[in-house]
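Text of coords-v6.csv (CSV, C-alpha atoms and all ligand atoms) as supplied:
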chain,number,residue,atom,x,y,z
A,9,MET,CA,0.0,0.0,0.0
A,10,THR,CA,1.3,3.4,-0.9
A,11,LYS,CA,1.2,5.8,2.0
A,12,VAL,CA,2.0,9.5,1.7
A,13,THR,CA,2.0,12.1,4.5
A,14,VAL,CA,1.5,15.8,3.9
A,15,VAL,CA,2.6,18.0,6.8
A,16,GLY,CA,0.8,21.3,7.0
A,17,ALA,CA,-2.9,21.4,6.2
A,18,GLY,CA,-2.9,25.0,5.0
A,19,ASN,CA,-3.7,26.0,1.5
A,20,VAL,CA,-0.7,24.3,-0.1
A,21,GLY,CA,-0.8,21.1,2.0
A,22,ALA,CA,-4.5,20.6,1.6
A,23,THR,CA,-4.3,21.2,-2.2
A,24,CYS,CA,-1.5,18.7,-2.4
A,25,ALA,CA,-3.5,16.1,-0.4
A,26,ASP,CA,-6.5,16.7,-2.5
A,27,VAL,CA,-4.6,16.1,-5.8
A,28,LEU,CA,-3.0,13.0,-4.3
A,29,ALA,CA,-6.4,11.7,-3.4
A,30,TYR,CA,-8.5,12.5,-6.5
A,31,ARG,CA,-5.8,11.4,-8.9
A,32,GLU,CA,-5.4,8.2,-6.7
A,33,ILE,CA,-1.6,8.8,-6.5
A,34,ALA,CA,-1.5,7.1,-3.0
A,35,GLU,CA,-3.9,4.7,-1.3
A,36,GLU,CA,-3.5,6.4,2.0
A,37,ILE,CA,-2.8,10.1,2.6
A,38,VAL,CA,-2.2,11.4,6.1
A,39,LEU,CA,-2.6,15.1,6.6
A,40,VAL,CA,-1.0,16.6,9.7
A,41,ASP,CA,-1.3,20.0,11.2
A,42,ILE,CA,-0.5,21.7,14.5
A,43,LYS,CA,-3.9,23.5,14.7
A,44,GLU,CA,-6.4,21.4,16.5
A,45,GLY,CA,-8.9,19.7,14.2
A,46,VAL,CA,-7.9,21.4,10.9
A,47,ALA,CA,-6.1,18.4,9.4
A,48,GLU,CA,-8.9,16.1,10.5
A,49,GLY,CA,-11.5,18.4,9.0
A,50,LYS,CA,-9.8,18.9,5.7
A,51,ALA,CA,-9.0,15.1,5.4
A,52,LEU,CA,-12.7,14.4,6.1
A,53,ASP,CA,-13.8,16.9,3.5
A,54,ILE,CA,-11.6,15.4,0.9
A,55,TRP,CA,-12.9,11.9,1.7
A,56,GLN,CA,-16.5,13.1,1.4
A,57,LYS,CA,-15.7,14.3,-2.1
A,58,ALA,CA,-14.6,10.8,-3.1
A,59,PRO,CA,-18.2,9.6,-4.0
A,60,ILE,CA,-18.7,12.7,-6.1
A,61,ASN,CA,-15.4,12.6,-7.9
A,62,ALA,CA,-15.1,8.8,-7.9
A,63,TYR,CA,-11.8,7.9,-6.2
A,64,ASP,CA,-10.7,5.4,-3.6
A,65,SER,CA,-7.8,7.0,-1.9
A,66,ARG,CA,-8.3,7.4,1.8
A,67,THR,CA,-7.4,10.6,3.6
A,68,VAL,CA,-6.7,10.7,7.3
A,69,GLY,CA,-6.1,13.8,9.5
A,70,SER,CA,-4.0,14.2,12.6
A,71,THR,CA,-3.4,17.1,15.0
A,72,ASN,CA,0.3,16.7,15.5
A,73,ASP,CA,0.2,13.0,16.2
A,74,TYR,CA,3.0,11.7,14.0
A,75,SER,CA,2.4,8.1,14.9
A,76,LYS,CA,-0.4,8.2,12.3
A,77,THR,CA,2.3,8.9,9.7
A,78,ALA,CA,4.4,5.8,10.5
A,79,GLY,CA,5.7,3.9,7.5
A,80,SER,CA,5.1,6.7,4.9
A,81,ASP,CA,6.8,6.2,1.5
A,82,VAL,CA,6.9,9.9,0.8
A,83,VAL,CA,6.4,12.9,3.1
A,84,VAL,CA,5.7,16.3,1.8
A,85,ILE,CA,6.5,19.2,4.2
A,86,THR,CA,4.6,22.4,3.5
A,87,SER,CA,4.7,23.7,7.1
A,88,GLY,CA,5.6,27.2,8.0
A,89,LEU,CA,4.4,30.7,7.3
A,90,PRO,CA,3.6,31.9,3.8
A,91,ARG,CA,4.8,35.4,2.9
A,92,LYS,CA,2.8,38.6,3.0
A,93,PRO,CA,3.0,41.4,0.4
A,94,GLY,CA,6.3,43.3,0.7
A,95,MET,CA,8.2,40.2,2.0
A,96,THR,CA,10.8,38.1,0.2
A,97,ARG,CA,10.8,34.4,0.7
A,98,ASP,CA,14.1,34.8,2.6
A,99,ASP,CA,12.4,36.9,5.2
A,100,LEU,CA,10.7,33.7,6.4
A,101,ILE,CA,13.9,32.0,7.3
A,102,GLU,CA,13.9,32.4,11.1
A,103,THR,CA,10.4,31.2,11.7
A,104,ASN,CA,10.3,28.5,9.1
A,105,ALA,CA,13.7,27.0,9.9
A,106,GLY,CA,12.6,26.0,13.4
A,107,ILE,CA,9.3,24.6,12.1
A,108,VAL,CA,10.9,22.6,9.3
A,109,LYS,CA,13.5,21.2,11.8
A,110,MET,CA,10.9,20.1,14.3
A,111,VAL,CA,8.7,18.6,11.6
A,112,THR,CA,11.6,16.7,9.9
A,113,GLU,CA,12.6,15.2,13.3
A,114,ASN,CA,9.1,13.9,13.9
A,115,VAL,CA,8.7,12.6,10.3
A,116,ILE,CA,12.0,10.7,10.4
A,117,LYS,CA,11.3,9.1,13.7
A,118,HIS,CA,8.2,7.4,12.3
A,119,SER,CA,9.2,7.0,8.6
A,120,PRO,CA,12.9,6.4,8.5
A,121,ASP,CA,12.7,5.1,4.9
A,122,ALA,CA,10.7,7.9,3.5
A,123,ILE,CA,11.6,10.3,0.7
A,124,ILE,CA,11.1,13.9,1.8
A,125,ILE,CA,9.8,16.6,-0.4
A,126,ILE,CA,10.2,20.2,0.9
A,127,VAL,CA,7.8,22.9,-0.1
A,128,SER,CA,8.3,25.5,2.8
A,129,ASN,CA,10.2,28.7,2.0
A,130,PRO,CA,12.8,29.9,1.6
A,131,LEU,CA,12.8,26.7,-0.4
A,132,ASP,CA,16.4,25.9,-1.2
A,133,VAL,CA,17.5,26.6,2.3
A,134,MET,CA,14.6,24.7,3.9
A,135,THR,CA,15.7,21.7,1.8
A,136,TYR,CA,19.2,22.2,3.3
A,137,GLN,CA,17.6,22.3,6.8
A,138,ALA,CA,15.7,19.1,6.3
A,139,HIS,CA,18.7,17.4,4.8
A,140,ILE,CA,20.9,18.2,7.8
A,141,VAL,CA,18.3,17.2,10.3
A,142,SER,CA,17.1,14.0,8.6
A,143,LYS,CA,20.7,12.8,7.8
A,144,LEU,CA,19.2,11.1,4.8
A,145,PRO,CA,21.2,10.8,1.5
A,146,ARG,CA,20.7,13.8,-0.8
A,147,THR,CA,18.7,11.6,-3.2
A,148,ARG,CA,15.9,11.4,-0.6
A,149,VAL,CA,15.6,15.1,0.4
A,150,ILE,CA,14.2,17.0,-2.5
A,151,GLY,CA,12.9,20.6,-2.8
A,152,MET,CA,9.8,21.5,-4.9
A,153,ALA,CA,10.3,24.7,-6.9
A,154,GLY,CA,11.4,23.9,-10.5
A,155,ILE,CA,8.1,22.3,-11.5
A,156,LEU,CA,6.2,25.3,-10.2
A,157,ASP,CA,8.5,27.9,-11.8
A,158,THR,CA,8.5,26.1,-15.1
A,159,ALA,CA,4.7,25.7,-14.9
A,160,ARG,CA,4.4,29.5,-14.6
A,161,TYR,CA,6.9,30.0,-17.5
A,162,ARG,CA,5.0,27.4,-19.6
A,163,ALA,CA,1.6,29.0,-18.8
A,164,PHE,CA,2.8,32.4,-19.8
A,165,LEU,CA,4.3,31.1,-23.0
A,166,ALA,CA,1.1,29.2,-23.8
A,167,GLU,CA,-0.9,32.3,-23.4
A,168,ALA,CA,1.4,34.4,-25.5
A,169,LEU,CA,1.5,31.8,-28.3
A,170,ASN,CA,-2.2,30.8,-27.9
A,171,ILE,CA,-1.1,27.2,-27.7
A,172,SER,CA,-1.9,24.4,-25.3
A,173,PRO,CA,0.3,24.5,-22.2
A,174,LYS,CA,0.8,20.8,-22.6
A,175,GLU,CA,2.9,21.4,-25.7
A,176,ILE,CA,5.4,23.5,-23.9
A,177,GLN,CA,8.5,21.7,-22.5
A,178,ALA,CA,11.0,23.7,-20.5
A,179,ILE,CA,13.8,23.5,-18.0
A,180,LEU,CA,14.7,26.1,-15.5
A,181,MET,CA,17.6,26.1,-13.0
A,182,GLY,CA,18.9,27.8,-9.9
A,183,GLY,CA,17.3,29.0,-6.6
A,184,HIS,CA,13.6,29.5,-6.1
A,185,GLY,CA,13.7,33.3,-6.1
A,186,ASP,CA,14.5,36.3,-8.3
A,187,THR,CA,17.8,34.7,-9.4
A,188,MET,CA,16.2,31.6,-10.9
A,189,VAL,CA,17.4,30.8,-14.4
A,190,PRO,CA,14.8,30.0,-17.1
A,191,LEU,CA,16.6,28.5,-20.1
A,192,PRO,CA,15.1,29.5,-23.5
A,193,ARG,CA,17.7,27.3,-25.2
A,194,TYR,CA,16.0,24.3,-23.5
A,195,THR,CA,12.4,25.4,-24.1
A,196,THR,CA,10.4,23.9,-26.9
A,197,VAL,CA,6.9,23.9,-28.3
A,198,ALA,CA,6.2,20.3,-29.4
A,199,GLY,CA,9.9,20.0,-30.1
A,200,ILE,CA,10.2,23.3,-32.0
A,201,PRO,CA,12.7,25.7,-30.3
A,202,VAL,CA,10.6,28.4,-28.7
A,203,THR,CA,12.9,31.1,-30.1
A,204,GLU,CA,11.5,30.2,-33.6
A,205,LEU,CA,8.0,31.1,-32.5
A,206,ILE,CA,8.3,34.1,-30.3
A,207,ASP,CA,10.2,37.4,-30.5
A,208,LYS,CA,13.0,38.2,-28.0
A,209,ASP,CA,11.2,41.1,-26.3
A,210,THR,CA,8.1,39.0,-25.5
A,211,LEU,CA,10.3,36.1,-24.3
A,212,ASP,CA,12.4,38.4,-22.1
A,213,ALA,CA,9.2,39.8,-20.6
A,214,ILE,CA,7.9,36.3,-19.9
A,215,ILE,CA,11.2,35.3,-18.2
A,216,ALA,CA,11.0,38.4,-16.0
A,217,ARG,CA,7.4,37.7,-15.1
A,218,THR,CA,8.3,34.0,-14.3
A,219,LYS,CA,11.1,35.1,-11.9
A,220,SER,CA,8.6,37.2,-9.9
A,221,GLY,CA,5.7,34.8,-10.5
A,222,GLY,CA,5.2,34.0,-6.8
A,223,GLY,CA,5.4,37.6,-5.8
A,224,GLU,CA,2.7,38.6,-8.4
A,225,LEU,CA,0.3,36.2,-6.7
A,226,VAL,CA,1.3,37.4,-3.2
A,227,LYS,CA,0.5,40.9,-4.3
A,228,LEU,CA,-2.9,39.9,-5.7
A,229,MET,CA,-4.0,37.7,-2.8
A,230,GLY,CA,-2.2,39.0,0.2
A,231,THR,CA,-0.7,35.6,0.7
A,232,SER,CA,1.2,32.9,-1.2
A,233,ALA,CA,-0.1,30.8,-4.0
A,234,TRP,CA,-1.4,27.2,-3.4
A,235,TYR,CA,-3.0,25.5,-6.4
A,236,ALA,CA,0.1,25.3,-8.6
A,237,PRO,CA,2.5,24.7,-5.6
A,238,GLY,CA,0.3,21.9,-4.2
A,239,SER,CA,-0.1,20.3,-7.6
A,240,ALA,CA,3.6,20.5,-8.3
A,241,ALA,CA,4.4,18.7,-5.1
A,242,ALA,CA,1.8,16.0,-5.9
A,243,GLN,CA,3.4,15.5,-9.4
A,244,MET,CA,6.7,14.8,-7.7
A,245,VAL,CA,5.1,12.3,-5.4
A,246,GLU,CA,3.5,10.6,-8.4
A,247,ALA,CA,6.8,10.3,-10.2
A,248,ILE,CA,8.4,8.7,-7.1
A,249,VAL,CA,5.6,6.3,-6.0
A,250,LYS,CA,4.9,5.1,-9.6
A,251,ASN,CA,8.7,5.0,-10.4
A,252,GLN,CA,8.0,7.1,-13.5
A,253,LYS,CA,11.6,8.2,-14.1
A,254,ARG,CA,10.3,11.6,-15.1
A,255,VAL,CA,12.7,14.5,-15.8
A,256,PHE,CA,11.9,17.5,-13.6
A,257,PRO,CA,13.8,20.5,-12.3
A,258,VAL,CA,14.0,20.0,-8.5
A,259,CYS,CA,16.2,21.4,-5.6
A,260,VAL,CA,19.0,19.1,-4.6
A,261,LYS,CA,22.3,19.3,-2.9
A,262,LEU,CA,24.9,19.7,-5.6
A,263,GLU,CA,28.1,17.7,-5.1
A,264,GLY,CA,30.3,18.9,-7.9
A,265,GLU,CA,27.7,19.0,-10.7
A,266,TYR,CA,27.9,22.2,-12.7
A,267,GLY,CA,31.1,22.9,-10.9
A,268,ILE,CA,29.1,23.7,-7.7
A,269,ASP,CA,29.7,22.0,-4.4
A,270,ASP,CA,27.7,21.9,-1.2
A,271,CYS,CA,24.8,24.1,-2.4
A,272,TYR,CA,21.1,23.4,-2.7
A,273,LEU,CA,19.9,24.5,-6.2
A,274,GLY,CA,17.4,23.6,-8.8
A,275,VAL,CA,18.7,21.4,-11.5
A,276,PRO,CA,17.1,18.8,-13.9
A,277,VAL,CA,16.9,15.3,-12.4
A,278,ILE,CA,15.3,11.9,-13.1
A,279,LEU,CA,12.7,11.2,-10.4
A,280,GLY,CA,11.8,7.6,-9.6
A,281,LYS,CA,11.3,5.2,-6.7
A,282,ASN,CA,14.7,6.0,-5.1
A,283,GLY,CA,13.9,9.7,-5.2
A,284,ILE,CA,16.6,11.4,-7.3
A,285,GLU,CA,17.8,8.6,-9.6
A,286,LYS,CA,20.2,10.9,-11.5
A,287,VAL,CA,21.2,14.5,-11.6
A,288,ILE,CA,21.3,15.6,-15.3
A,289,GLU,CA,24.2,17.8,-16.2
A,290,LEU,CA,23.5,20.2,-19.1
A,291,ASP,CA,26.3,21.7,-21.2
A,292,LEU,CA,25.5,25.3,-20.3
A,293,ASN,CA,26.9,28.2,-22.3
A,294,ASP,CA,28.9,31.0,-20.6
A,295,ASP,CA,25.8,33.3,-20.2
A,296,GLU,CA,23.8,30.5,-18.6
A,297,LYS,CA,26.7,29.6,-16.3
A,298,ALA,CA,27.1,33.2,-15.2
A,299,LEU,CA,23.4,33.4,-14.3
A,300,LEU,CA,23.6,30.1,-12.4
A,301,GLU,CA,26.6,31.4,-10.5
A,302,VAL,CA,24.6,34.5,-9.4
A,303,SER,CA,21.8,32.2,-8.2
A,304,ARG,CA,24.3,29.9,-6.3
A,305,ASN,CA,25.9,32.9,-4.6
A,306,HIS,CA,22.5,34.1,-3.4
A,307,VAL,CA,21.4,30.7,-2.1
A,308,LYS,CA,24.8,30.3,-0.4
A,309,GLU,CA,24.3,33.6,1.4
A,310,VAL,CA,20.9,32.4,2.8
A,311,MET,CA,22.4,29.1,3.7
A,312,SER,CA,25.0,30.9,5.8
A,313,VAL,CA,22.2,32.8,7.6
A,314,LEU,CA,20.7,29.4,8.5
A,315,ASP,CA,24.1,28.2,9.7
A,316,LYS,CA,24.3,31.3,12.0
A,317,ILE,CA,20.8,30.7,13.4
A,318,GLY,CA,21.9,27.2,14.3
A,319,ASN,CA,20.4,24.4,12.3
A,320,LYS,CA,21.5,21.2,13.9
A,401,LIG,C1,5.5,30.5,-4.8
A,401,LIG,O1,6.4,30.6,-5.7
A,401,LIG,O2,4.3,30.6,-5.1
A,401,LIG,C2,5.9,30.1,-3.4
A,401,LIG,O3,7.3,30.1,-3.3
A,401,LIG,C3,5.3,31.0,-2.4
A,401,LIG,C4,5.7,32.4,-2.5
A,401,LIG,O4,5.7,33.1,-1.5
A,401,LIG,O5,6.0,32.9,-3.6
Would it be possible to restate this file's structure as structure tokens?
Ligand code: LMR
Amino acid sequence: MTKVTVVGAGNVGATCADVLAYREIAEEIVLVDIKEGVAEGKALDIWQKAPINAYDSRTVGSTNDYSKTAGSDVVVITSGLPRKPGMTRDDLIETNAGIVKMVTENVIKHSPDAIIIIVSNPLDVMTYQAHIVSKLPRTRVIGMAGILDTARYRAFLAEALNISPKEIQAILMGGHGDTMVPLPRYTTVAGIPVTELIDKDTLDAIIARTKSGGGELVKLMGTSAWYAPGSAAAQMVEAIVKNQKRVFPVCVKLEGEYGIDDCYLGVPVILGKNGIEKVIELDLNDDEKALLEVSRNHVKEVMSVLDKIGNK
């Protein structure tokens, strides 16, 4: 039986649990939250939708009782505060680092064989936090950002080209923030290089909008997005539990790839039953390498803030 835990029953966690349930990605989905009754209520609501939407996955809620999560194959951590207008993701570090640390400790106690997917912000550094605390190999502690960022990029391109978003394939690298690196050279529309279909100014504007895509939604809603982030995390779970070997950009600790060591950054990987089956190394040109370096430097800076706070 496939069991998946989602920690944090806020908007992102509840959306992720809902997608996992209605798409029958796992047989049992445990939703955990610290707020009394919230996870139980949302899990029950999702289960009551099963007869309408015709699915069999069971959803179970728990107020901070991690014994219910025991033996999970995959755990998605969405816990922590979302940002408010005017904040950067990095502004959340002090609050969210402590939360992610505590949650990871609890998760690992009950599911030592799990693969952990981090969604909390600042994403790359929270992946670092969970990796240190869990002591799992890097292949089993993975940050969700690249699927979300490429989804935004693909959606904007689909709109500009008046084409199905399904036709657009793209890779994006770097940290989950303004320094992320969308890669037009690796963006195609049904195999056609995107640069043959769109003018440079429009493409540049789409890249700029993608980089601040999360902030655009925070400004509109007064809080962070949830539909696309929750769905993106569920897509990663699916690739793992079904051993799909899909190629996605995810956040992982780099150990020499791209000439970068000891930094958590988004890169393309193959996702399967072991988590990260392989990190794919692209032959970046000098401009792309320079952009990735800027992103690396930024993430490294925030990693050192976490080191100062004390992350062990
Ligand atoms: C996102 O990109 O939607 C998330 O990282 C949340 C945020 O605050 O932007």
Close residues, A:Met134 itself excluded, 8 Å, all atoms listed in the file, min 6 positions apart in chain, as a ChimeraX atom specification | /A:104-105,108,126,128
Export, as a PDB file, keeping the file's coordinate frame, the selected residues with C-alpha atoms.
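Dumped to part_32.pdb:
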ATOM      1  CA  ASN A 104      10.300  28.500   9.100  1.00  0.00           C
ATOM      2  CA  ALA A 105      13.700  27.000   9.900  1.00  0.00           C
ATOM      3  CA  VAL A 108      10.900  22.600   9.300  1.00  0.00           C
ATOM      4  CA  ILE A 126      10.200  20.200   0.900  1.00  0.00           C
ATOM      5  CA  SER A 128       8.300  25.500   2.800  1.00  0.00           C
TER       6      SER A 128
END
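Atom O3 of ligand LIG 401 (chain A) lies 7.1 Å from atom CA of A:Leu131.
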Write out as a VMD selection string each polymer residue (protein, DNA or RNA) that has an atom no more than 6 Å from ligand LIG 401 (chain A), with only C-alpha atoms and all ligand atoms counted.
-> chain A and resid 90 to 91 97 222 to 223 232 to 233
For A:Ala247, the closest of A:Val46, A:Val310, A:Val82, A:Ala58 counting all atoms listed in the file is A:Val82
Selection near stretch 291-307 of chain A, 6 Å with all atoms listed in the file, sequence-local residues under 5 positions removed, as a list in words = Gly182, Gly183 and Thr187 of chain A
Write the residues you've just listed into a file as a PDB file, in the frame of the given file, and include C-alpha atoms for each of them.
ATOM      1  CA  GLY A 182      18.900  27.800  -9.900  1.00  0.00           C
ATOM      2  CA  GLY A 183      17.300  29.000  -6.600  1.00  0.00           C
ATOM      3  CA  THR A 187      17.800  34.700  -9.400  1.00  0.00           C
TER       4      THR A 187
END
Dump stretch 108-166 of chain A with C-alpha atoms to a file, as a PDB file, in the first residue's frame.
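Done, and the output landed in part_13.pdb:
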ATOM      1  CA  VAL A 108      10.919  22.566   9.337  1.00  0.00           C
ATOM      2  CA  LYS A 109      13.525  21.241  11.780  1.00  0.00           C
ATOM      3  CA  MET A 110      10.896  20.061  14.272  1.00  0.00           C
ATOM      4  CA  VAL A 111       8.681  18.553  11.576  1.00  0.00           C
ATOM      5  CA  THR A 112      11.590  16.720   9.928  1.00  0.00           C
ATOM      6  CA  GLU A 113      12.631  15.217  13.275  1.00  0.00           C
ATOM      7  CA  ASN A 114       9.111  13.927  13.871  1.00  0.00           C
ATOM      8  CA  VAL A 115       8.743  12.608  10.332  1.00  0.00           C
ATOM      9  CA  ILE A 116      12.026  10.692  10.370  1.00  0.00           C
ATOM     10  CA  LYS A 117      11.259   9.125  13.741  1.00  0.00           C
ATOM     11  CA  HIS A 118       8.183   7.420  12.303  1.00  0.00           C
ATOM     12  CA  SER A 119       9.162   6.984   8.634  1.00  0.00           C
ATOM     13  CA  PRO A 120      12.928   6.447   8.465  1.00  0.00           C
ATOM     14  CA  ASP A 121      12.687   5.079   4.920  1.00  0.00           C
ATOM     15  CA  ALA A 122      10.660   7.946   3.503  1.00  0.00           C
ATOM     16  CA  ILE A 123      11.590  10.284   0.707  1.00  0.00           C
ATOM     17  CA  ILE A 124      11.059  13.882   1.839  1.00  0.00           C
ATOM     18  CA  ILE A 125       9.784  16.646  -0.416  1.00  0.00           C
ATOM     19  CA  ILE A 126      10.175  20.182   0.909  1.00  0.00           C
ATOM     20  CA  VAL A 127       7.783  22.940  -0.099  1.00  0.00           C
ATOM     21  CA  SER A 128       8.338  25.453   2.751  1.00  0.00           C
ATOM     22  CA  ASN A 129      10.155  28.718   2.013  1.00  0.00           C
ATOM     23  CA  PRO A 130      12.838  29.863   1.575  1.00  0.00           C
ATOM     24  CA  LEU A 131      12.770  26.666  -0.435  1.00  0.00           C
ATOM     25  CA  ASP A 132      16.399  25.906  -1.198  1.00  0.00           C
ATOM     26  CA  VAL A 133      17.516  26.631   2.347  1.00  0.00           C
ATOM     27  CA  MET A 134      14.633  24.714   3.929  1.00  0.00           C
ATOM     28  CA  THR A 135      15.731  21.731   1.810  1.00  0.00           C
ATOM     29  CA  TYR A 136      19.195  22.213   3.323  1.00  0.00           C
ATOM     30  CA  GLN A 137      17.620  22.333   6.796  1.00  0.00           C
ATOM     31  CA  ALA A 138      15.671  19.096   6.274  1.00  0.00           C
ATOM     32  CA  HIS A 139      18.721  17.386   4.800  1.00  0.00           C
ATOM     33  CA  ILE A 140      20.900  18.206   7.811  1.00  0.00           C
ATOM     34  CA  VAL A 141      18.265  17.205  10.343  1.00  0.00           C
ATOM     35  CA  SER A 142      17.128  14.009   8.616  1.00  0.00           C
ATOM     36  CA  LYS A 143      20.679  12.839   7.803  1.00  0.00           C
ATOM     37  CA  LEU A 144      19.215  11.098   4.758  1.00  0.00           C
ATOM     38  CA  PRO A 145      21.172  10.783   1.524  1.00  0.00           C
ATOM     39  CA  ARG A 146      20.694  13.762  -0.796  1.00  0.00           C
ATOM     40  CA  THR A 147      18.687  11.592  -3.193  1.00  0.00           C
ATOM     41  CA  ARG A 148      15.882  11.433  -0.607  1.00  0.00           C
ATOM     42  CA  VAL A 149      15.555  15.077   0.433  1.00  0.00           C
ATOM     43  CA  ILE A 150      14.217  17.050  -2.492  1.00  0.00           C
ATOM     44  CA  GLY A 151      12.887  20.590  -2.812  1.00  0.00           C
ATOM     45  CA  MET A 152       9.840  21.452  -4.908  1.00  0.00           C
ATOM     46  CA  ALA A 153      10.277  24.654  -6.904  1.00  0.00           C
ATOM     47  CA  GLY A 154      11.359  23.943 -10.459  1.00  0.00           C
ATOM     48  CA  ILE A 155       8.097  22.285 -11.486  1.00  0.00           C
ATOM     49  CA  LEU A 156       6.192  25.288 -10.152  1.00  0.00           C
ATOM     50  CA  ASP A 157       8.479  27.855 -11.751  1.00  0.00           C
ATOM     51  CA  THR A 158       8.522  26.067 -15.112  1.00  0.00           C
ATOM     52  CA  ALA A 159       4.726  25.699 -14.907  1.00  0.00           C
ATOM     53  CA  ARG A 160       4.415  29.476 -14.608  1.00  0.00           C
ATOM     54  CA  TYR A 161       6.867  29.977 -17.476  1.00  0.00           C
ATOM     55  CA  ARG A 162       4.979  27.417 -19.608  1.00  0.00           C
ATOM     56  CA  ALA A 163       1.598  28.957 -18.773  1.00  0.00           C
ATOM     57  CA  PHE A 164       2.785  32.447 -19.765  1.00  0.00           C
ATOM     58  CA  LEU A 165       4.269  31.087 -23.006  1.00  0.00           C
ATOM     59  CA  ALA A 166       1.084  29.167 -23.797  1.00  0.00           C
TER      60      ALA A 166
END
